[in-house]
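Note: the block below is run_39.cif and it holds mmCIF, C-alpha atoms.
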```cif
data_work
#
loop_
_atom_site.group_PDB
_atom_site.id
_atom_site.type_symbol
_atom_site.label_atom_id
_atom_site.label_comp_id
_atom_site.auth_asym_id
_atom_site.auth_seq_id
_atom_site.Cartn_x
_atom_site.Cartn_y
_atom_site.Cartn_z
ATOM 1 C CA GLU S 1 105.920 146.257 77.409
ATOM 2 C CA ASP S 2 109.467 144.927 77.735
ATOM 3 C CA ILE S 3 108.396 141.262 77.748
ATOM 4 C CA ASN S 4 108.140 139.316 74.503
ATOM 5 C CA THR S 5 104.978 137.319 75.183
ATOM 6 C CA THR S 6 105.548 135.151 72.092
ATOM 7 C CA GLN S 7 108.523 133.505 73.842
ATOM 8 C CA LEU S 8 107.077 132.362 77.196
ATOM 9 C CA PHE S 9 108.277 129.225 78.939
ATOM 10 C CA TYR S 10 106.268 127.788 81.816
ATOM 11 C CA TYR S 11 108.102 126.102 84.667
ATOM 12 C CA GLY S 12 106.204 124.021 87.192
ATOM 13 C CA TYR S 13 107.719 122.463 90.272
ATOM 14 C CA SER S 14 105.732 119.842 92.184
ATOM 15 C CA LEU S 15 102.124 120.960 92.620
ATOM 16 C CA GLY S 16 102.876 124.033 90.506
ATOM 17 C CA GLY S 17 103.512 121.730 87.550
ATOM 18 C CA ILE S 18 99.893 120.609 87.639
ATOM 19 C CA PHE S 19 98.755 124.184 87.155
ATOM 20 C CA ALA S 20 101.474 125.114 84.630
ATOM 21 C CA THR S 21 100.394 122.176 82.474
ATOM 22 C CA HIS S 22 96.724 123.058 82.880
ATOM 23 C CA VAL S 23 97.337 126.649 81.743
ATOM 24 C CA ALA S 24 99.457 125.439 78.809
ATOM 25 C CA ALA S 25 96.807 122.963 77.640
ATOM 26 C CA ARG S 26 93.674 124.977 78.240
ATOM 27 C CA HIS S 27 94.481 128.674 78.253
ATOM 28 C CA ARG S 28 97.707 129.782 76.598
ATOM 29 C CA LEU S 29 100.192 127.566 74.784
ATOM 30 C CA PRO S 30 103.724 128.547 75.798
ATOM 31 C CA THR S 31 106.895 128.227 73.770
ATOM 32 C CA GLY S 32 108.026 125.541 76.202
ATOM 33 C CA LEU S 33 107.037 123.694 79.357
ATOM 34 C CA ILE S 34 109.439 122.510 82.064
ATOM 35 C CA LEU S 35 108.151 120.165 84.763
ATOM 36 C CA GLU S 36 110.079 119.136 87.859
ATOM 37 C CA ALA S 37 108.874 116.501 90.348
ATOM 38 C CA VAL S 38 105.273 116.855 89.166
ATOM 39 C CA PRO S 39 102.405 114.608 90.282
ATOM 40 C CA ALA S 40 100.463 112.994 87.432
ATOM 41 C CA SER S 41 97.179 114.462 88.678
ATOM 42 C CA THR S 42 95.349 115.648 91.749
ATOM 43 C CA LEU S 43 93.887 112.146 91.962
ATOM 44 C CA ALA S 44 97.440 110.730 91.992
ATOM 45 C CA ILE S 45 98.291 112.992 94.934
ATOM 46 C CA VAL S 46 95.334 111.671 96.890
ATOM 47 C CA GLU S 47 95.927 108.029 95.949
ATOM 48 C CA SER S 48 99.638 108.080 96.740
ATOM 49 C CA THR S 49 99.684 110.164 99.923
ATOM 50 C CA MET S 50 96.414 109.926 101.813
ATOM 51 C CA ILE S 51 96.029 107.249 104.474
ATOM 52 C CA LEU S 52 92.255 107.271 104.177
ATOM 53 C CA PRO S 53 90.640 107.410 100.742
ATOM 54 C CA VAL S 54 89.052 110.779 100.090
ATOM 55 C CA PRO S 55 87.747 112.180 96.820
ATOM 56 C CA PRO S 56 90.148 114.654 95.176
ATOM 57 C CA GLN S 57 87.350 117.246 95.214
ATOM 58 C CA PHE S 58 87.727 117.310 99.001
ATOM 59 C CA LEU S 59 91.156 118.913 98.526
ATOM 60 C CA PHE S 60 90.836 120.561 95.106
ATOM 61 C CA ASN S 61 88.037 122.459 93.376
ATOM 62 C CA ASP S 62 88.725 120.631 90.131
ATOM 63 C CA ILE S 63 90.374 117.397 89.065
ATOM 64 C CA PHE S 64 93.581 118.406 87.341
ATOM 65 C CA ASP S 65 95.189 115.725 85.180
ATOM 66 C CA VAL S 66 98.730 116.449 83.962
ATOM 67 C CA ALA S 67 98.913 113.282 81.872
ATOM 68 C CA LEU S 68 95.667 114.115 80.082
ATOM 69 C CA ASP S 69 96.716 117.724 79.513
ATOM 70 C CA LEU S 70 100.139 116.640 78.195
ATOM 71 C CA SER S 71 98.479 114.294 75.715
ATOM 72 C CA THR S 72 96.753 117.289 74.102
ATOM 73 C CA LEU S 73 99.832 119.520 73.806
ATOM 74 C CA ALA S 74 101.723 119.887 70.548
ATOM 75 C CA LEU S 75 104.827 120.845 72.469
ATOM 76 C CA ASP S 76 108.172 119.385 73.532
ATOM 77 C CA VAL S 77 108.328 119.181 77.328
ATOM 78 C CA LEU S 78 111.374 118.922 79.594
ATOM 79 C CA THR S 79 110.793 116.760 82.693
ATOM 80 C CA PHE S 80 112.890 116.167 85.809
ATOM 81 C CA TYR S 81 112.179 113.322 88.231
ATOM 82 C CA SER S 82 113.966 111.697 91.128
ATOM 83 C CA LYS S 83 113.576 107.953 91.443
ATOM 84 C CA THR S 84 113.681 108.301 95.235
ATOM 85 C CA ASP S 85 111.362 111.302 95.652
ATOM 86 C CA GLU S 86 109.540 110.885 98.959
ATOM 87 C CA LYS S 87 106.770 113.392 98.090
ATOM 88 C CA VAL S 88 105.964 112.558 94.449
ATOM 89 C CA ALA S 89 106.554 108.820 94.112
ATOM 90 C CA TYR S 90 108.424 108.115 90.866
ATOM 91 C CA ARG S 91 106.900 104.669 90.360
ATOM 92 C CA PHE S 92 103.397 106.043 90.730
ATOM 93 C CA ASN S 93 103.673 109.320 88.781
ATOM 94 C CA ALA S 94 106.461 109.175 86.192
ATOM 95 C CA PRO S 95 105.013 106.273 84.149
ATOM 96 C CA LYS S 96 101.707 108.150 83.792
ATOM 97 C CA ILE S 97 103.505 111.299 82.676
ATOM 98 C CA TYR S 98 105.882 109.413 80.372
ATOM 99 C CA GLY S 99 102.999 107.535 78.749
ATOM 100 C CA ALA S 100 101.099 110.736 78.004
ATOM 101 C CA SER S 101 103.372 112.159 75.321
ATOM 102 C CA SER S 102 106.174 111.078 73.039
ATOM 103 C CA ARG S 103 107.502 114.642 73.104
ATOM 104 C CA LEU S 104 109.138 114.488 76.526
ATOM 105 C CA GLU S 105 112.788 114.999 77.310
ATOM 106 C CA LYS S 106 113.285 112.934 80.465
ATOM 107 C CA VAL S 107 115.966 113.771 83.003
ATOM 108 C CA GLU S 108 116.121 111.395 85.959
ATOM 109 C CA VAL S 109 118.135 111.513 89.156
ATOM 110 C CA GLU S 110 118.834 108.316 91.080
ATOM 111 C CA ASN S 111 119.092 109.467 94.708
ATOM 112 C CA SER S 112 117.409 112.748 95.429
ATOM 113 C CA LYS S 113 114.755 114.055 97.752
ATOM 114 C CA HIS S 114 111.839 116.021 96.373
ATOM 115 C CA TRP S 115 113.587 119.391 96.493
ATOM 116 C CA GLU S 116 117.170 118.232 95.757
ATOM 117 C CA ILE S 117 117.088 117.437 92.030
ATOM 118 C CA PRO S 118 119.233 120.416 90.904
ATOM 119 C CA ASP S 119 121.771 119.805 93.696
ATOM 120 C CA ASN S 120 122.062 116.062 93.184
ATOM 121 C CA LEU S 121 122.047 116.249 89.395
ATOM 122 C CA GLY S 122 124.705 118.913 89.635
ATOM 123 C CA PHE S 123 123.770 122.529 89.125
ATOM 124 C CA ASP S 124 125.880 122.852 85.952
ATOM 125 C CA VAL S 125 124.242 119.750 84.444
ATOM 126 C CA TYR S 126 120.800 120.975 85.508
ATOM 127 C CA ARG S 127 121.434 124.392 83.974
ATOM 128 C CA SER S 128 122.765 122.743 80.807
ATOM 129 C CA HIS S 129 119.498 120.812 80.374
ATOM 130 C CA LEU S 130 117.526 124.015 80.850
ATOM 131 C CA SER S 131 119.707 125.981 78.413
ATOM 132 C CA SER S 132 119.567 123.281 75.739
ATOM 133 C CA TYR S 133 115.799 123.066 76.009
ATOM 134 C CA VAL S 134 115.231 126.815 75.880
ATOM 135 C CA GLU S 135 117.532 127.190 72.857
#
```
What would you get if you wrote out this structure as structure tokens?
Amino acid sequence: EDINTTQLFYYGYSLGGIFATHVAARHRLPTGLILEAVPASTLAIVESTMILPVPPQFLFNDIFDVALDLSTLALDVLTFYSKTDEKVAYRFNAPKIYGASSRLEKVEVENSKHWEIPDNLGFDVYRSHLSSYVE
């Protein structure tokens, strides 16, 4: 009862960003969407990380496509990426995400591992981006 459900922001980090975007596009449109180090799709995960080619359905029950879902959202989205992410390759994922919507605020970090974006960006700078977006 104490939560204003008309002011929900979804935050998705890494694999969680796939599902946050899916829920935003197909189930309940939030006030805002924040994505950090998010793969472009489940297919992108398989293509960029698997040594042997396997169908995405082998790992996931559905093919989730962040880029496709973003293209359907009438929503400004805040994104964070590291150009040196060893888990979610920037060169493979960011262009697909960036090409999906013109309503993206892009924050990029030069030298950061997958989980170090807030630390390497600087926590105050990171928090400032979040605060500006939410306002």
>> Excluding Thr84 of chain S and its own-chain neighbours fewer than 5 positions away, which residues fall within 7 Å of it when counting only C-alpha atoms? Please give them as JSON, numbers by chain.
In response: {"S": [90, 110, 111, 112, 113]}
>> Please enumerate the residues selected by the PyMOL selection byres ((chain S and resi 25) around 10) when evaluated against the supplied file, formatted as a ChimeraX atom specification.
In response: /S:19-24,26-30,66,68-75
Selection above as a file: C-alpha atoms, as a PDB file, in the frame of the given file:
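New file again-v4.pdb:
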```
ATOM      1  CA  PHE S  19      98.755 124.184  87.155  1.00  0.00           C
ATOM      2  CA  ALA S  20     101.474 125.114  84.630  1.00  0.00           C
ATOM      3  CA  THR S  21     100.394 122.176  82.474  1.00  0.00           C
ATOM      4  CA  HIS S  22      96.724 123.058  82.880  1.00  0.00           C
ATOM      5  CA  VAL S  23      97.337 126.649  81.743  1.00  0.00           C
ATOM      6  CA  ALA S  24      99.457 125.439  78.809  1.00  0.00           C
ATOM      7  CA  ARG S  26      93.674 124.977  78.240  1.00  0.00           C
ATOM      8  CA  HIS S  27      94.481 128.674  78.253  1.00  0.00           C
ATOM      9  CA  ARG S  28      97.707 129.782  76.598  1.00  0.00           C
ATOM     10  CA  LEU S  29     100.192 127.566  74.784  1.00  0.00           C
ATOM     11  CA  PRO S  30     103.724 128.547  75.798  1.00  0.00           C
ATOM     12  CA  VAL S  66      98.730 116.449  83.962  1.00  0.00           C
ATOM     13  CA  LEU S  68      95.667 114.115  80.082  1.00  0.00           C
ATOM     14  CA  ASP S  69      96.716 117.724  79.513  1.00  0.00           C
ATOM     15  CA  LEU S  70     100.139 116.640  78.195  1.00  0.00           C
ATOM     16  CA  SER S  71      98.479 114.294  75.715  1.00  0.00           C
ATOM     17  CA  THR S  72      96.753 117.289  74.102  1.00  0.00           C
ATOM     18  CA  LEU S  73      99.832 119.520  73.806  1.00  0.00           C
ATOM     19  CA  ALA S  74     101.723 119.887  70.548  1.00  0.00           C
ATOM     20  CA  LEU S  75     104.827 120.845  72.469  1.00  0.00           C
TER      21      LEU S  75
END
```
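As for atom CA of Phe9 of chain S and atom CA of Glu36 of chain S, they are spaced 13.6 Å apart.
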>> Report, in Å with one decimal, the straight-line distance from atom CA of Asp119 of chain S to atom CA of Asp76 of chain S.
In response: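 Atom CA of Asp119 of chain S sits 24.3 Å away from atom CA of Asp76 of chain S.
The smallest atom-to-atom distance between His129 of chain S and any of S:Leu35, S:Leu78, S:Val88, S:Ala67, using all atoms listed in the file, is found for S:Leu78.
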> Rounded to one decimal in Å, what is the spacing between atom CA of Phe64 of chain S and atom CA of Ala40 of chain S?
Replying inline: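 Here the two named atoms are 8.8 Å from each other.
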>> Please list as a PyMOL selection string every residue within 12 Å of segment 124-126 of chain S, counting all atoms listed in the file and excluding residues in the same chain fewer than 3 positions away.
In response: chain S and resi 34+36+78-81+107-109+116-121+129-133
Expected file: the selected residues, C-alpha atoms, as a tab-separated table (two decimals), keeping the file's coordinate frame:
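Result written to out_38.tsv:
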```
chain	number	residue	atom	x	y	z
S	34	ILE	CA	109.44	122.51	82.06
S	36	GLU	CA	110.08	119.14	87.86
S	78	LEU	CA	111.37	118.92	79.59
S	79	THR	CA	110.79	116.76	82.69
S	80	PHE	CA	112.89	116.17	85.81
S	81	TYR	CA	112.18	113.32	88.23
S	107	VAL	CA	115.97	113.77	83.00
S	108	GLU	CA	116.12	111.40	85.96
S	109	VAL	CA	118.14	111.51	89.16
S	116	GLU	CA	117.17	118.23	95.76
S	117	ILE	CA	117.09	117.44	92.03
S	118	PRO	CA	119.23	120.42	90.90
S	119	ASP	CA	121.77	119.80	93.70
S	120	ASN	CA	122.06	116.06	93.18
S	121	LEU	CA	122.05	116.25	89.40
S	129	HIS	CA	119.50	120.81	80.37
S	130	LEU	CA	117.53	124.02	80.85
S	131	SER	CA	119.71	125.98	78.41
S	132	SER	CA	119.57	123.28	75.74
S	133	TYR	CA	115.80	123.07	76.01
```
> Selected by the PyMOL selection byres ((chain S and resi 92) around 9) in the shown coordinates: which residues, as a list in words?
Replying inline: Pro39, Ala40, Ala44, Ser48, Val88, Ala89, Tyr90, Arg91, Asn93, Ala94, Pro95 and Lys96 of chain S
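Proximity to Lys106 of chain S was assessed for S:Val134, S:Ile18, S:Val77, S:Leu33 counting only C-alpha atoms; the smallest distance is recorded for S:Val77.
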